[in-house]
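Contents: one structure, followed by commentary.
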Amino acid sequence: MPFDIAEANRLIGAAYGKVAYVAPTNPIVLRLMTTLGTASANGTEVVNAGGSAYAPQSVTAATPAAPTNGVLASNAAMTFTNMPDTNGVGGVKGAETWDSGSTPRRIQTGGLAAAKVTALGDSLTIAAGQFTANATL
(Lines give C-alpha, C1' and ligand atoms only; values in the text may rest on other atoms or scores of the structure.)
Protein backbone atom coordinates (compact mmCIF):
# COMPACT_ATOMS: atom_id res chain seq x y z
CA MET A 1 0.00 0.00 0.00
CA PRO A 2 1.46 3.38 -0.92
CA PHE A 3 1.84 6.01 1.79
CA ASP A 4 -0.46 8.98 2.20
CA ILE A 5 1.63 12.00 1.14
CA ALA A 6 1.32 13.68 4.55
CA GLU A 7 2.59 10.52 6.26
CA ALA A 8 5.41 10.18 3.72
CA ASN A 9 6.42 13.79 4.44
CA ARG A 10 6.49 13.05 8.19
CA LEU A 11 8.67 9.97 7.66
CA ILE A 12 11.18 11.53 5.25
CA GLY A 13 11.42 14.67 7.38
CA ALA A 14 12.16 12.58 10.46
CA ALA A 15 14.67 10.38 8.61
CA TYR A 16 16.71 13.47 7.72
CA GLY A 17 16.35 15.12 11.12
CA LYS A 18 14.10 17.95 9.91
CA VAL A 19 11.07 17.12 12.07
CA ALA A 20 10.28 14.94 15.06
CA TYR A 21 8.19 11.95 14.05
CA VAL A 22 5.10 11.26 16.14
CA ALA A 23 4.00 7.67 15.65
CA PRO A 24 0.37 6.94 14.77
CA THR A 25 -1.96 5.99 17.62
CA ASN A 26 -2.61 2.25 17.86
CA PRO A 27 -4.54 0.31 16.94
CA ILE A 28 -4.09 0.93 13.24
CA VAL A 29 -7.31 0.01 11.45
CA LEU A 30 -8.12 -1.06 7.91
CA ARG A 31 -11.06 0.77 6.34
CA LEU A 32 -12.67 -0.57 3.17
CA MET A 33 -13.21 1.86 0.30
CA THR A 34 -15.81 1.93 -2.50
CA THR A 35 -13.87 4.73 -4.22
CA LEU A 36 -10.09 4.65 -4.22
CA GLY A 37 -8.12 7.37 -2.55
CA THR A 38 -4.96 8.95 -3.93
CA ALA A 39 -1.72 9.88 -2.20
CA SER A 40 -3.30 13.20 -1.19
CA ALA A 41 -7.06 12.53 -1.05
CA ASN A 42 -9.09 10.06 1.01
CA GLY A 43 -11.22 7.44 -0.68
CA THR A 44 -14.91 6.85 0.07
CA GLU A 45 -15.43 4.42 2.94
CA VAL A 46 -18.08 1.68 2.87
CA VAL A 47 -21.38 3.03 4.21
CA ASN A 48 -23.71 0.95 6.37
CA ALA A 49 -27.29 0.60 5.13
CA GLY A 50 -30.21 -1.77 5.55
CA GLY A 51 -29.08 -3.03 8.95
CA SER A 52 -25.46 -3.79 8.05
CA ALA A 53 -22.77 -3.33 10.69
CA TYR A 54 -19.51 -2.88 8.77
CA ALA A 55 -16.69 -1.64 11.00
CA PRO A 56 -12.95 -1.12 10.36
CA GLN A 57 -10.72 -3.99 11.51
CA SER A 58 -7.50 -3.81 13.52
CA VAL A 59 -4.36 -4.18 11.41
CA THR A 60 -2.13 -3.91 14.47
CA ALA A 61 -3.41 -7.24 15.79
CA ALA A 62 -3.00 -8.91 12.39
CA THR A 63 0.65 -8.10 11.68
CA PRO A 64 3.97 -9.40 13.00
CA ALA A 65 6.24 -7.36 15.26
CA ALA A 66 8.54 -6.13 12.48
CA PRO A 67 8.67 -5.80 8.68
CA THR A 68 10.94 -7.90 6.48
CA ASN A 69 12.69 -6.33 3.49
CA GLY A 70 10.51 -3.21 3.71
CA VAL A 71 7.23 -5.16 3.75
CA LEU A 72 4.83 -5.80 6.61
CA ALA A 73 2.38 -8.61 5.76
CA SER A 74 -0.59 -9.71 7.81
CA ASN A 75 -0.17 -12.91 9.78
CA ALA A 76 -3.85 -13.22 10.69
CA ALA A 77 -7.08 -12.90 8.75
CA MET A 78 -9.18 -9.73 9.01
CA THR A 79 -12.93 -10.38 8.65
CA PHE A 80 -15.51 -7.66 8.06
CA THR A 81 -18.90 -9.10 9.06
CA ASN A 82 -22.47 -8.08 8.23
CA MET A 83 -21.39 -5.99 5.23
CA PRO A 84 -23.79 -3.71 3.36
CA ASP A 85 -24.84 -4.37 -0.24
CA THR A 86 -22.01 -2.81 -2.29
CA ASN A 87 -23.31 -3.78 -5.73
CA GLY A 88 -24.76 -0.31 -6.38
CA VAL A 89 -21.35 1.32 -5.91
CA GLY A 90 -19.38 -1.29 -7.86
CA GLY A 91 -18.12 -3.14 -4.78
CA VAL A 92 -15.20 -2.62 -2.45
CA LYS A 93 -12.29 -1.36 -4.57
CA GLY A 94 -9.58 -0.71 -2.01
CA ALA A 95 -8.60 -0.06 1.55
CA GLU A 96 -6.89 2.56 3.68
CA THR A 97 -5.06 2.29 6.97
CA TRP A 98 -5.83 4.88 9.63
CA ASP A 99 -4.68 5.41 13.17
CA SER A 100 -7.05 5.60 16.16
CA GLY A 101 -6.17 9.09 17.38
CA SER A 102 -8.84 11.57 18.41
CA THR A 103 -8.32 13.13 14.97
CA PRO A 104 -7.58 9.99 12.91
CA ARG A 105 -4.75 10.25 10.42
CA ARG A 106 -4.54 8.26 7.21
CA ILE A 107 -1.35 6.28 6.81
CA GLN A 108 -1.61 4.31 3.57
CA THR A 109 -4.03 3.64 0.73
CA GLY A 110 -4.28 0.93 -1.89
CA GLY A 111 -6.51 -0.83 -4.36
CA LEU A 112 -7.64 -4.44 -4.44
CA ALA A 113 -6.62 -6.65 -7.37
CA ALA A 114 -10.34 -6.87 -8.24
CA ALA A 115 -13.42 -5.23 -6.75
CA LYS A 116 -15.31 -7.35 -4.21
CA VAL A 117 -19.10 -7.01 -4.32
CA THR A 118 -20.92 -7.89 -1.11
CA ALA A 119 -24.59 -8.55 -0.50
CA LEU A 120 -26.30 -7.35 2.68
CA GLY A 121 -25.08 -9.49 5.59
CA ASP A 122 -22.07 -11.01 3.77
CA SER A 123 -18.65 -11.27 5.36
CA LEU A 124 -15.53 -10.11 3.55
CA THR A 125 -12.27 -11.73 4.69
CA ILE A 126 -8.74 -10.66 3.89
CA ALA A 127 -6.72 -13.82 4.45
CA ALA A 128 -3.48 -13.92 6.43
CA GLY A 129 -0.66 -12.71 4.23
CA GLN A 130 -2.96 -10.94 1.76
CA PHE A 131 -2.66 -7.53 3.40
CA THR A 132 0.76 -5.98 2.84
CA ALA A 133 2.13 -2.58 3.70
CA ASN A 134 5.34 -1.52 2.02
CA ALA A 135 7.58 1.50 1.86
CA THR A 136 6.28 3.09 -1.36
CA LEU A 137 4.61 6.35 -2.24
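Lettering and numbering for the C-alpha coordinates are positional, with chains as A, B, ... in the shown order, residues counted from 1 in each chain, and ligands counted from 1 in the shown order.
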Which residues of segment 88-117 of chain A come within 7 Å of segment 3-20 of chain A, and what is each one's closest atom pair and distance in Å (one decimal), counting only C-alpha atoms, sorted by chain and residue number, as JSON lines?
{"residue": "A:Arg106", "atom": "CA", "partner": "A:Asp4", "partner_atom": "CA", "distance": 6.5}
{"residue": "A:Ile107", "atom": "CA", "partner": "A:Asp4", "partner_atom": "CA", "distance": 5.4}
{"residue": "A:Gln108", "atom": "CA", "partner": "A:Phe3", "partner_atom": "CA", "distance": 4.2}
{"residue": "A:Thr109", "atom": "CA", "partner": "A:Phe3", "partner_atom": "CA", "distance": 6.4}
Would you kindly return, as a list in words, each protein, DNA or RNA residue with an atom no farther than 8 Å from any atom of segment 34-37 of chain A, considering only C-alpha atoms and excluding same-chain residues fewer than 3 positions away?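 Those residues are Ser40, Ala41, Asn42, Gly43, Thr44, Glu45, Val46, Thr86, Val89, Gly90, Gly91, Val92, Lys93, Gly94, Ala95, Glu96, Thr109, Gly110 and Gly111 of chain A.
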Selected residues written out, all heavy atoms, as a short mmCIF file (atom, residue, chain, number, x, y, z; two decimals), in the first residue's frame:
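Saved the output as result_18.cif:
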data_model
loop_
_atom_site.label_atom_id
_atom_site.label_comp_id
_atom_site.auth_asym_id
_atom_site.auth_seq_id
_atom_site.Cartn_x
_atom_site.Cartn_y
_atom_site.Cartn_z
N SER A 40 -2.95 11.98 -1.92
CA SER A 40 -3.30 13.20 -1.19
C SER A 40 -4.79 13.37 -0.89
O SER A 40 -5.18 14.36 -0.29
CB SER A 40 -2.81 14.42 -1.98
OG SER A 40 -3.38 14.43 -3.26
N ALA A 41 -5.62 12.41 -1.29
CA ALA A 41 -7.06 12.53 -1.05
C ALA A 41 -7.63 11.19 -0.56
O ALA A 41 -7.31 10.14 -1.11
CB ALA A 41 -7.79 12.96 -2.31
N ASN A 42 -8.46 11.26 0.47
CA ASN A 42 -9.09 10.06 1.01
C ASN A 42 -10.05 9.45 0.00
O ASN A 42 -10.66 10.15 -0.79
CB ASN A 42 -9.89 10.40 2.28
CG ASN A 42 -9.04 11.05 3.34
OD1 ASN A 42 -7.82 10.98 3.32
ND2 ASN A 42 -9.70 11.68 4.29
N GLY A 43 -10.21 8.12 0.10
CA GLY A 43 -11.22 7.44 -0.68
C GLY A 43 -12.57 7.57 0.00
O GLY A 43 -12.72 8.29 1.00
N THR A 44 -13.57 6.85 -0.52
CA THR A 44 -14.91 6.85 0.07
C THR A 44 -15.10 5.53 0.81
O THR A 44 -15.06 4.46 0.20
CB THR A 44 -15.99 6.99 -1.02
OG1 THR A 44 -15.75 8.19 -1.75
CG2 THR A 44 -17.38 7.03 -0.40
N GLU A 45 -15.29 5.62 2.12
CA GLU A 45 -15.43 4.42 2.94
C GLU A 45 -16.79 3.77 2.74
O GLU A 45 -17.79 4.43 2.45
CB GLU A 45 -15.23 4.76 4.42
CG GLU A 45 -15.14 3.53 5.31
CD GLU A 45 -14.73 3.85 6.74
OE1 GLU A 45 -14.65 5.04 7.11
OE2 GLU A 45 -14.47 2.89 7.49
N VAL A 46 -16.83 2.45 2.91
CA VAL A 46 -18.08 1.68 2.87
C VAL A 46 -19.07 2.32 3.83
O VAL A 46 -18.70 2.72 4.94
CB VAL A 46 -17.81 0.21 3.26
CG1 VAL A 46 -19.09 -0.53 3.57
CG2 VAL A 46 -17.01 -0.49 2.18
N THR A 86 -22.90 -3.76 -1.60
CA THR A 86 -22.01 -2.81 -2.29
C THR A 86 -22.14 -2.89 -3.80
O THR A 86 -21.37 -2.26 -4.52
CB THR A 86 -20.53 -3.04 -1.89
OG1 THR A 86 -20.14 -4.37 -2.27
CG2 THR A 86 -20.32 -2.82 -0.40
N VAL A 89 -22.52 0.44 -5.81
CA VAL A 89 -21.35 1.32 -5.91
C VAL A 89 -20.17 0.60 -6.57
O VAL A 89 -19.05 1.09 -6.54
CB VAL A 89 -20.94 1.89 -4.53
CG1 VAL A 89 -22.00 2.85 -4.01
CG2 VAL A 89 -20.66 0.78 -3.53
N GLY A 90 -20.43 -0.55 -7.15
CA GLY A 90 -19.38 -1.29 -7.86
C GLY A 90 -18.49 -2.12 -6.96
O GLY A 90 -17.44 -2.58 -7.39
N GLY A 91 -18.87 -2.30 -5.70
CA GLY A 91 -18.12 -3.14 -4.78
C GLY A 91 -17.04 -2.38 -4.02
O GLY A 91 -16.86 -1.18 -4.16
N VAL A 92 -16.33 -3.14 -3.21
CA VAL A 92 -15.20 -2.62 -2.45
C VAL A 92 -14.00 -2.63 -3.40
O VAL A 92 -13.65 -3.67 -3.95
CB VAL A 92 -14.92 -3.48 -1.21
CG1 VAL A 92 -13.67 -3.02 -0.48
CG2 VAL A 92 -16.13 -3.48 -0.28
N LYS A 93 -13.39 -1.49 -3.59
CA LYS A 93 -12.29 -1.36 -4.57
C LYS A 93 -10.92 -1.21 -3.95
O LYS A 93 -9.91 -1.35 -4.62
CB LYS A 93 -12.57 -0.18 -5.49
CG LYS A 93 -13.83 -0.35 -6.32
CD LYS A 93 -14.08 0.87 -7.19
CE LYS A 93 -15.39 0.76 -7.91
NZ LYS A 93 -16.54 1.07 -7.07
N GLY A 94 -10.87 -0.91 -2.65
CA GLY A 94 -9.58 -0.71 -2.01
C GLY A 94 -9.72 -0.58 -0.52
O GLY A 94 -10.78 -0.84 0.05
N ALA A 95 -8.62 -0.20 0.10
CA ALA A 95 -8.60 -0.06 1.55
C ALA A 95 -7.61 1.04 1.93
O ALA A 95 -6.73 1.41 1.14
CB ALA A 95 -8.20 -1.37 2.20
N GLU A 96 -7.80 1.56 3.12
CA GLU A 96 -6.89 2.56 3.68
C GLU A 96 -6.60 2.19 5.12
O GLU A 96 -7.48 1.66 5.82
CB GLU A 96 -7.50 3.96 3.62
CG GLU A 96 -7.73 4.45 2.22
CD GLU A 96 -8.33 5.84 2.12
OE1 GLU A 96 -8.71 6.44 3.17
OE2 GLU A 96 -8.41 6.34 0.99
N THR A 109 -2.85 3.92 1.55
CA THR A 109 -4.03 3.64 0.73
C THR A 109 -3.65 2.69 -0.38
O THR A 109 -2.50 2.69 -0.84
CB THR A 109 -4.61 4.95 0.14
OG1 THR A 109 -5.79 4.63 -0.60
CG2 THR A 109 -3.62 5.68 -0.74
N GLY A 110 -4.59 1.85 -0.80
CA GLY A 110 -4.28 0.93 -1.89
C GLY A 110 -5.52 0.27 -2.45
O GLY A 110 -6.55 0.17 -1.78
N GLY A 111 -5.40 -0.18 -3.69
CA GLY A 111 -6.51 -0.83 -4.36
C GLY A 111 -6.44 -2.34 -4.23
O GLY A 111 -5.37 -2.92 -3.99
#
Separation of atom CA of Asn26 of chain A and atom CA of Val47 of chain A, in Å?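 One can read the atom CA of Asn26 of chain A to atom CA of Val47 of chain A distance as 23.2 Å.
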Polymer residues at most 9 Å from segment 59-63 of chain A, only C-alpha atoms, same-chain spacing of 3 or more positions, as a ChimeraX atom specification: /A:26-30,66-67,72-78,97,128-129,131
Convert the current residue selection to file output with N, CA and C atoms, as a short mmCIF file (atom, residue, chain, number, x, y, z; two decimals), in the first residue's frame.
data_model
loop_
_atom_site.label_atom_id
_atom_site.label_comp_id
_atom_site.auth_asym_id
_atom_site.auth_seq_id
_atom_site.Cartn_x
_atom_site.Cartn_y
_atom_site.Cartn_z
N ASN A 26 -2.09 3.61 18.05
CA ASN A 26 -2.61 2.25 17.86
C ASN A 26 -3.95 2.08 18.53
N PRO A 27 -4.82 1.19 18.06
CA PRO A 27 -4.54 0.31 16.94
C PRO A 27 -4.68 1.01 15.60
N ILE A 28 -3.93 0.51 14.63
CA ILE A 28 -4.09 0.93 13.24
C ILE A 28 -5.23 0.10 12.69
N VAL A 29 -6.16 0.74 11.97
CA VAL A 29 -7.31 0.01 11.45
C VAL A 29 -7.34 0.06 9.93
N LEU A 30 -7.93 -0.97 9.36
CA LEU A 30 -8.12 -1.06 7.91
C LEU A 30 -9.56 -0.70 7.60
N ALA A 66 7.63 -6.95 13.28
CA ALA A 66 8.54 -6.13 12.48
C ALA A 66 8.43 -6.49 11.00
N PRO A 67 8.69 -5.51 10.12
CA PRO A 67 8.67 -5.80 8.68
C PRO A 67 9.91 -6.58 8.25
N LEU A 72 5.52 -5.29 5.42
CA LEU A 72 4.83 -5.80 6.61
C LEU A 72 3.58 -6.52 6.09
N ALA A 73 3.52 -7.83 6.25
CA ALA A 73 2.38 -8.61 5.76
C ALA A 73 1.57 -9.12 6.94
N SER A 74 0.27 -9.21 6.74
CA SER A 74 -0.59 -9.71 7.81
C SER A 74 -0.26 -11.16 8.12
N ASN A 75 -0.37 -11.52 9.39
CA ASN A 75 -0.17 -12.91 9.78
C ASN A 75 -1.44 -13.49 10.39
N ALA A 76 -2.54 -12.76 10.24
CA ALA A 76 -3.85 -13.22 10.69
C ALA A 76 -4.91 -12.65 9.74
N ALA A 77 -5.99 -13.37 9.60
CA ALA A 77 -7.08 -12.90 8.75
C ALA A 77 -7.79 -11.72 9.39
N MET A 78 -8.34 -10.84 8.55
CA MET A 78 -9.18 -9.73 9.01
C MET A 78 -10.55 -9.94 8.36
N THR A 97 -5.38 2.46 5.56
CA THR A 97 -5.06 2.29 6.97
C THR A 97 -5.10 3.66 7.65
N ALA A 128 -4.83 -14.16 5.91
CA ALA A 128 -3.48 -13.92 6.43
C ALA A 128 -2.51 -13.87 5.26
N GLY A 129 -1.64 -12.88 5.29
CA GLY A 129 -0.66 -12.71 4.23
C GLY A 129 -1.13 -11.91 3.04
N PHE A 131 -2.85 -8.96 3.16
CA PHE A 131 -2.66 -7.53 3.40
C PHE A 131 -1.17 -7.27 3.53
#
Report as a tab-separated table: every residue of segment 3-114 of chain A with an atom at most 6 Å from segment 118-126 of chain A, its closest pair of atoms, and their distance in Å to one decimal, counting only C-alpha atoms, with rows sorted by chain and ascending residue number.
residue	atom	partner	partner_atom	distance
A:Ala77	CA	A:Ile126	CA	5.6
A:Met78	CA	A:Ile126	CA	5.2
A:Thr79	CA	A:Thr125	CA	4.2
A:Phe80	CA	A:Leu124	CA	5.1
A:Thr81	CA	A:Ser123	CA	4.3
A:Asn82	CA	A:Gly121	CA	4.0
A:Met83	CA	A:Gly121	CA	5.1
A:Pro84	CA	A:Leu120	CA	4.5
A:Asp85	CA	A:Ala119	CA	4.2
A:Thr86	CA	A:Thr118	CA	5.3
Excluding Asn134 of chain A and any residue of its chain fewer than 4 positions from it, enumerate the residues within 6 Å of it, using only C-alpha atoms, and give them as a PyMOL selection string. chain A and resi 1+70-71
Include C-alpha atoms and write out the residues we just selected as a PDB file, in the first residue's frame.
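Final output, part-v9.pdb:
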ATOM      1  CA  MET A   1       0.000   0.000   0.000  1.00  0.00           C
ATOM      2  CA  GLY A  70      10.511  -3.209   3.705  1.00  0.00           C
ATOM      3  CA  VAL A  71       7.228  -5.158   3.746  1.00  0.00           C
TER       4      VAL A  71
END
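You can rank A:Ala127, A:Ala23, A:Met33, A:Ala133 by their closest distance to Leu112 of chain A using only C-alpha atoms, and at the top of that list sits A:Met33.
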If I take atom CA of Tyr21 of chain A and atom CA of Pro2 of chain A, how far is one from the other in Å, to one decimal?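 For atom CA of Tyr21 of chain A relative to atom CA of Pro2 of chain A, the distance reads 18.5 Å.
Between atom CA of Ser100 of chain A and atom CA of Tyr54 of chain A the interatomic distance comes to 16.8 Å.
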Could you write out, as a PyMOL selection string, all the residues of segment 39-88 of chain A that DSSP marks as helix (DSSP H, G or I)? chain A and resi 60-62+87-88
Create the file for the chosen residues now, containing all heavy atoms and written as a PDB file, in the first residue's frame.
ATOM      1  N   THR A  60      -3.175  -3.725  13.470  1.00  0.00           N
ATOM      2  CA  THR A  60      -2.129  -3.906  14.469  1.00  0.00           C
ATOM      3  C   THR A  60      -2.127  -5.329  15.000  1.00  0.00           C
ATOM      4  O   THR A  60      -1.075  -5.947  15.158  1.00  0.00           O
ATOM      5  CB  THR A  60      -2.311  -2.905  15.624  1.00  0.00           C
ATOM      6  OG1 THR A  60      -2.371  -1.584  15.074  1.00  0.00           O
ATOM      7  CG2 THR A  60      -1.170  -2.981  16.616  1.00  0.00           C
ATOM      8  N   ALA A  61      -3.302  -5.886  15.245  1.00  0.00           N
ATOM      9  CA  ALA A  61      -3.405  -7.239  15.786  1.00  0.00           C
ATOM     10  C   ALA A  61      -3.120  -8.305  14.733  1.00  0.00           C
ATOM     11  O   ALA A  61      -2.880  -9.458  15.077  1.00  0.00           O
ATOM     12  CB  ALA A  61      -4.796  -7.446  16.369  1.00  0.00           C
ATOM     13  N   ALA A  62      -3.145  -7.921  13.459  1.00  0.00           N
ATOM     14  CA  ALA A  62      -3.002  -8.907  12.388  1.00  0.00           C
ATOM     15  C   ALA A  62      -1.648  -8.856  11.697  1.00  0.00           C
ATOM     16  O   ALA A  62      -1.479  -9.417  10.631  1.00  0.00           O
ATOM     17  CB  ALA A  62      -4.108  -8.704  11.352  1.00  0.00           C
ATOM     18  N   ASN A  87     -23.130  -3.634  -4.281  1.00  0.00           N
ATOM     19  CA  ASN A  87     -23.309  -3.778  -5.727  1.00  0.00           C
ATOM     20  C   ASN A  87     -23.589  -2.442  -6.406  1.00  0.00           C
ATOM     21  O   ASN A  87     -23.050  -2.153  -7.468  1.00  0.00           O
ATOM     22  CB  ASN A  87     -24.426  -4.772  -6.037  1.00  0.00           C
ATOM     23  CG  ASN A  87     -24.509  -5.087  -7.515  1.00  0.00           C
ATOM     24  OD1 ASN A  87     -23.502  -5.390  -8.140  1.00  0.00           O
ATOM     25  ND2 ASN A  87     -25.706  -5.009  -8.066  1.00  0.00           N
ATOM     26  N   GLY A  88     -24.394  -1.587  -5.777  1.00  0.00           N
ATOM     27  CA  GLY A  88     -24.764  -0.307  -6.377  1.00  0.00           C
ATOM     28  C   GLY A  88     -23.611   0.674  -6.534  1.00  0.00           C
ATOM     29  O   GLY A  88     -23.699   1.618  -7.309  1.00  0.00           O
TER      30      GLY A  88
END
Per DSSP on the backbone, filter segment 23-130 of chain A down to the residues in strand (DSSP E) and report them as an NGL selection string. :A and (29-35 or 44-45 or 57-58 or 71-73 or 78-80 or 92-98 or 106-116 or 124-126)
Take the residues that were just selected and, keeping N, CA, C and O atoms, output them as a short mmCIF file (atom, residue, chain, number, x, y, z; two decimals), in the first residue's frame.
data_model
loop_
_atom_site.label_atom_id
_atom_site.label_comp_id
_atom_site.auth_asym_id
_atom_site.auth_seq_id
_atom_site.Cartn_x
_atom_site.Cartn_y
_atom_site.Cartn_z
N VAL A 29 -6.16 0.74 11.97
CA VAL A 29 -7.31 0.01 11.45
C VAL A 29 -7.34 0.06 9.93
O VAL A 29 -6.83 0.99 9.31
N LEU A 30 -7.93 -0.97 9.36
CA LEU A 30 -8.12 -1.06 7.91
C LEU A 30 -9.56 -0.70 7.60
O LEU A 30 -10.49 -1.32 8.13
N ARG A 31 -9.73 0.33 6.78
CA ARG A 31 -11.06 0.77 6.34
C ARG A 31 -11.24 0.37 4.88
O ARG A 31 -10.34 0.60 4.06
N LEU A 32 -12.38 -0.18 4.54
CA LEU A 32 -12.67 -0.57 3.17
C LEU A 32 -13.24 0.60 2.39
O LEU A 32 -14.05 1.37 2.92
N MET A 33 -12.84 0.72 1.12
CA MET A 33 -13.21 1.86 0.30
C MET A 33 -13.98 1.43 -0.96
O MET A 33 -13.58 0.49 -1.64
N THR A 34 -15.06 2.16 -1.26
CA THR A 34 -15.81 1.93 -2.50
C THR A 34 -15.29 2.82 -3.62
O THR A 34 -15.55 2.57 -4.78
N THR A 35 -14.58 3.88 -3.26
CA THR A 35 -13.87 4.73 -4.22
C THR A 35 -12.45 4.85 -3.72
O THR A 35 -12.22 5.12 -2.54
N THR A 44 -13.57 6.85 -0.52
CA THR A 44 -14.91 6.85 0.07
C THR A 44 -15.10 5.53 0.81
O THR A 44 -15.06 4.46 0.20
N GLU A 45 -15.29 5.62 2.12
CA GLU A 45 -15.43 4.42 2.94
C GLU A 45 -16.79 3.77 2.74
O GLU A 45 -17.79 4.43 2.45
N GLN A 57 -11.35 -2.90 10.76
CA GLN A 57 -10.72 -3.99 11.51
C GLN A 57 -9.29 -3.61 11.89
O GLN A 57 -8.60 -2.93 11.14
N SER A 58 -8.83 -4.10 13.02
CA SER A 58 -7.50 -3.81 13.52
C SER A 58 -6.42 -4.48 12.66
O SER A 58 -6.44 -5.69 12.46
N VAL A 71 8.63 -4.75 3.89
CA VAL A 71 7.23 -5.16 3.75
C VAL A 71 6.71 -5.71 5.07
O VAL A 71 7.39 -6.49 5.74
N LEU A 72 5.52 -5.29 5.42
CA LEU A 72 4.83 -5.80 6.61
C LEU A 72 3.58 -6.52 6.09
O LEU A 72 2.71 -5.88 5.50
N ALA A 73 3.52 -7.83 6.25
CA ALA A 73 2.38 -8.61 5.76
C ALA A 73 1.57 -9.12 6.94
O ALA A 73 2.13 -9.44 8.00
N MET A 78 -8.34 -10.84 8.55
CA MET A 78 -9.18 -9.73 9.01
C MET A 78 -10.55 -9.94 8.36
O MET A 78 -10.64 -9.95 7.13
N THR A 79 -11.59 -10.11 9.17
CA THR A 79 -12.93 -10.38 8.65
C THR A 79 -13.87 -9.24 8.98
O THR A 79 -14.01 -8.85 10.13
N PHE A 80 -14.49 -8.72 7.94
CA PHE A 80 -15.51 -7.66 8.06
C PHE A 80 -16.85 -8.37 7.96
O PHE A 80 -17.18 -8.95 6.91
N VAL A 92 -16.33 -3.14 -3.21
CA VAL A 92 -15.20 -2.62 -2.45
C VAL A 92 -14.00 -2.63 -3.40
O VAL A 92 -13.65 -3.67 -3.95
N LYS A 93 -13.39 -1.49 -3.59
CA LYS A 93 -12.29 -1.36 -4.57
C LYS A 93 -10.92 -1.21 -3.95
O LYS A 93 -9.91 -1.35 -4.62
N GLY A 94 -10.87 -0.91 -2.65
CA GLY A 94 -9.58 -0.71 -2.01
C GLY A 94 -9.72 -0.58 -0.52
O GLY A 94 -10.78 -0.84 0.05
N ALA A 95 -8.62 -0.20 0.10
CA ALA A 95 -8.60 -0.06 1.55
C ALA A 95 -7.61 1.04 1.93
O ALA A 95 -6.73 1.41 1.14
N GLU A 96 -7.80 1.56 3.12
CA GLU A 96 -6.89 2.56 3.68
C GLU A 96 -6.60 2.19 5.12
O GLU A 96 -7.48 1.66 5.82
N THR A 97 -5.38 2.46 5.56
CA THR A 97 -5.06 2.29 6.97
C THR A 97 -5.10 3.66 7.65
O THR A 97 -4.67 4.65 7.07
N TRP A 98 -5.67 3.67 8.84
CA TRP A 98 -5.83 4.88 9.63
C TRP A 98 -5.42 4.59 11.06
O TRP A 98 -5.55 3.45 11.52
N ARG A 106 -4.69 9.31 8.22
CA ARG A 106 -4.54 8.26 7.21
C ARG A 106 -3.06 7.96 7.03
O ARG A 106 -2.23 8.88 6.96
N ILE A 107 -2.74 6.69 6.94
CA ILE A 107 -1.35 6.28 6.81
C ILE A 107 -1.05 5.80 5.40
O ILE A 107 -0.11 6.26 4.76
N GLN A 108 -1.85 4.86 4.90
CA GLN A 108 -1.61 4.31 3.57
C GLN A 108 -2.94 4.06 2.87
O GLN A 108 -4.00 3.98 3.49
N THR A 109 -2.85 3.92 1.55
CA THR A 109 -4.03 3.64 0.73
C THR A 109 -3.65 2.69 -0.38
O THR A 109 -2.50 2.69 -0.84
N GLY A 110 -4.59 1.85 -0.80
CA GLY A 110 -4.28 0.93 -1.89
C GLY A 110 -5.52 0.27 -2.45
O GLY A 110 -6.55 0.17 -1.78
N GLY A 111 -5.40 -0.18 -3.69
CA GLY A 111 -6.51 -0.83 -4.36
C GLY A 111 -6.44 -2.34 -4.23
O GLY A 111 -5.37 -2.92 -3.99
N LEU A 112 -7.58 -2.98 -4.39
CA LEU A 112 -7.64 -4.44 -4.44
C LEU A 112 -7.33 -4.89 -5.87
O LEU A 112 -7.51 -4.13 -6.83
N ALA A 113 -6.89 -6.12 -6.03
CA ALA A 113 -6.62 -6.65 -7.37
C ALA A 113 -7.90 -6.65 -8.21
O ALA A 113 -7.86 -6.42 -9.41
N ALA A 114 -9.03 -6.90 -7.58
CA ALA A 114 -10.34 -6.87 -8.24
C ALA A 114 -11.37 -6.43 -7.21
O ALA A 114 -11.26 -6.78 -6.03
N ALA A 115 -12.36 -5.67 -7.65
CA ALA A 115 -13.42 -5.23 -6.75
C ALA A 115 -14.15 -6.43 -6.17
O ALA A 115 -14.32 -7.46 -6.83
N LYS A 116 -14.56 -6.30 -4.91
CA LYS A 116 -15.31 -7.35 -4.21
C LYS A 116 -16.71 -6.82 -3.92
O LYS A 116 -16.87 -5.89 -3.15
N LEU A 124 -16.64 -10.27 4.47
CA LEU A 124 -15.53 -10.11 3.55
C LEU A 124 -14.26 -10.36 4.36
O LEU A 124 -14.03 -9.67 5.36
N THR A 125 -13.48 -11.36 3.96
CA THR A 125 -12.27 -11.73 4.69
C THR A 125 -11.03 -11.45 3.86
O THR A 125 -10.97 -11.82 2.68
N ILE A 126 -10.07 -10.83 4.48
CA ILE A 126 -8.74 -10.66 3.89
C ILE A 126 -7.87 -11.68 4.60
O ILE A 126 -7.63 -11.57 5.81
#
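Distances to Val22 of chain A were evaluated for A:Asp99, A:Val117, A:Gln130, A:Ala135 using only C-alpha atoms, and the minimum falls at A:Asp99.
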